[in-house]
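Right, one structure below, let's go through it.
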Amino acid sequence: MQKLIPYFIVAFIYMAVAIDFWRDAKAPSHANIKPDALKLHSAMIALGLLIHGWLLHQSIFAIGFNLGFYQSISAILWLTVLVYWVTDRNHQLYSLQAFVLPPAAIFSLLPAFFTETHFLPESGNPLFIAHIWVAMIAYSLFTFAALHALLMTIAERNLHHKTTLIKLPSFPPLMVMESLLFKMIGFGFILLTATLVSGMWFSEALFHKPVQFNHKTIFSIASWFIYAALLFGRYQYGWRGLKAIRWTLTGFVLLVLAYIGSKFVSQILLGH
């Protein structure tokens with residue numbers, strides 16, 4: 001039971017910040033959340049990140065390199081919250097914590113209740129470990145971008161005075177949000193490209209095949225093409241608004257099917 005306490009603390013911190021944010025957002029004066037509350041939220045998120053990161057380190061690196069399905073999801077959400085926390089300090093994206101923190105709270109608990117061992121091959125190879133972490137950072141950037149795209153959808157509807165189920169405090173200008181979205185996608189695309197290229201190299205070393213054409217590879221490549229087309233459309237034709245949001249979410253869904261879907265099927269359903 002004592003081992004579960006730190007996991008519950010992390011989940012409590014994330015949910016407490018999210019709930020406090022929603023409470024302030026629904027208040028009549030929600031357009032101007034007090035700076036002291038925002039500073040407290042930032043400090044609490046930082047504390048949650050520290051404890052969450054320590055738990056992940058214990059779970060993944062305690063014996064070898066154990067990166068199972070639940071550790072992977074928890075690590076991706078930890079990185080997503082970290083990206084949010086760093087970005088918020090410069091762009092005032094505190095509305096985004098309403099999207100980022102609740103799933104992070106849920107997925108941070110999974111390794112505590114679903115213990116598993118999935119030791120990766122070549123775990124003693126620092127290049128292989130770098131490949132894994134580059135991939136996870138890429139996925140976290142695209143997760144952040146997808147959540148940010150959802151926030152932009154709400155901002156677009158509020159700007160045009162359309163009804164929406166979610167009422168959030170004031171947003172940064174849409175141009176700023178859009179610029180940040182494409183920066184995240186651009187960085188994520190570079191890391192995803194590096195992941196695919198290095199993955200081919202390790203596939204050659206481990207399986208003597210440059211590419212294994214399974215559904216993980218197909219969905220990953222499809223996602224890469226979606227993001228490549230989105231970036232090309234942005235810089236060549238100035239794509240923006242709902243078109244950019246739809247392409248962002250489509251690429252993210254394909255990426256989820258490629259990585260999360262494949263790990264769920266292979267490790268949870270098939271037990272490999």
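For the structure tokens, the naming scheme is as follows: chains receive sequential letters (A, B, ...) according to their order of presentation, residues are indexed from 1 within each chain, and ligands are indexed from 1 in presentation order.
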So that I can see what lies close to A:Val100, please list as a PyMOL selection string the residues with an atom at most 8 Å from it, counting only C-alpha atoms and leaving out residues fewer than 2 positions away in the same chain. chain A and resi 80-81+84+96-98+102-104+144+147
Dump of N, CA, C and O atoms for the selected residues, as a PDB file, in the first residue's frame:
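So result-v1.pdb came out as:
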ATOM      1  N   THR A  80       4.457  15.295 -21.859  1.00  0.00           N
ATOM      2  CA  THR A  80       3.469  16.261 -22.351  1.00  0.00           C
ATOM      3  C   THR A  80       3.214  17.354 -21.323  1.00  0.00           C
ATOM      4  O   THR A  80       3.144  18.540 -21.660  1.00  0.00           O
ATOM      5  N   VAL A  81       3.075  16.957 -20.056  1.00  0.00           N
ATOM      6  CA  VAL A  81       2.888  17.951 -18.990  1.00  0.00           C
ATOM      7  C   VAL A  81       4.129  18.834 -18.876  1.00  0.00           C
ATOM      8  O   VAL A  81       4.018  20.054 -18.682  1.00  0.00           O
ATOM      9  N   TYR A  84       4.042  21.314 -21.619  1.00  0.00           N
ATOM     10  CA  TYR A  84       3.062  22.343 -21.279  1.00  0.00           C
ATOM     11  C   TYR A  84       3.617  23.317 -20.243  1.00  0.00           C
ATOM     12  O   TYR A  84       3.502  24.537 -20.386  1.00  0.00           O
ATOM     13  N   LEU A  96      -4.846  25.444 -21.299  1.00  0.00           N
ATOM     14  CA  LEU A  96      -4.524  24.110 -21.807  1.00  0.00           C
ATOM     15  C   LEU A  96      -4.402  23.083 -20.695  1.00  0.00           C
ATOM     16  O   LEU A  96      -4.547  21.876 -20.936  1.00  0.00           O
ATOM     17  N   GLN A  97      -4.156  23.535 -19.462  1.00  0.00           N
ATOM     18  CA  GLN A  97      -4.020  22.564 -18.379  1.00  0.00           C
ATOM     19  C   GLN A  97      -5.333  21.833 -18.132  1.00  0.00           C
ATOM     20  O   GLN A  97      -5.347  20.721 -17.597  1.00  0.00           O
ATOM     21  N   ALA A  98      -6.447  22.410 -18.560  1.00  0.00           N
ATOM     22  CA  ALA A  98      -7.731  21.727 -18.447  1.00  0.00           C
ATOM     23  C   ALA A  98      -7.774  20.481 -19.319  1.00  0.00           C
ATOM     24  O   ALA A  98      -8.525  19.540 -19.044  1.00  0.00           O
ATOM     25  N   PRO A 102      -5.923  16.278 -16.569  1.00  0.00           N
ATOM     26  CA  PRO A 102      -6.772  15.117 -16.232  1.00  0.00           C
ATOM     27  C   PRO A 102      -6.281  13.793 -16.816  1.00  0.00           C
ATOM     28  O   PRO A 102      -6.179  12.801 -16.069  1.00  0.00           O
ATOM     29  N   PRO A 103      -5.937  13.706 -18.134  1.00  0.00           N
ATOM     30  CA  PRO A 103      -5.395  12.424 -18.612  1.00  0.00           C
ATOM     31  C   PRO A 103      -4.062  12.076 -17.977  1.00  0.00           C
ATOM     32  O   PRO A 103      -3.774  10.894 -17.736  1.00  0.00           O
ATOM     33  N   ALA A 104      -3.244  13.085 -17.674  1.00  0.00           N
ATOM     34  CA  ALA A 104      -1.966  12.810 -17.002  1.00  0.00           C
ATOM     35  C   ALA A 104      -2.203  12.207 -15.621  1.00  0.00           C
ATOM     36  O   ALA A 104      -1.472  11.303 -15.193  1.00  0.00           O
ATOM     37  N   PHE A 144       0.856  17.057 -27.215  1.00  0.00           N
ATOM     38  CA  PHE A 144       0.665  18.469 -26.851  1.00  0.00           C
ATOM     39  C   PHE A 144       0.006  19.221 -27.995  1.00  0.00           C
ATOM     40  O   PHE A 144      -0.922  20.011 -27.784  1.00  0.00           O
ATOM     41  N   LEU A 147      -3.741  18.358 -28.249  1.00  0.00           N
ATOM     42  CA  LEU A 147      -4.508  19.019 -27.194  1.00  0.00           C
ATOM     43  C   LEU A 147      -4.583  20.520 -27.447  1.00  0.00           C
ATOM     44  O   LEU A 147      -5.618  21.159 -27.213  1.00  0.00           O
TER      45      LEU A 147
END
Among listed residues A:Gly53, A:Gly48, A:Pro173, A:Gly68, nearest A:Thr115 (using only C-alpha atoms): A:Gly68
Could you pull out the alpha helix (DSSP H) residues of stretch 8-253 of chain A, going by DSSP on the backbone, and write them as a PyMOL selection string? chain A and resi 8-26+35-61+69-91+97-113+126-159+174-207+215-237+241-253
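Once A:Leu56 and its same-chain neighbours fewer than 4 positions away are set aside, Ile51, His52, Ile60, Phe61, Gln71, Ser74, Ala75, Trp78, Ser108 and Pro111 of chain A remain within 9 Å of it when counting only C-alpha atoms.
Of the listed residues (A:Met152, A:Ile260, A:Met200, A:Val17), A:Met152 comes nearest to A:Lys243; the distances count only C-alpha atoms.
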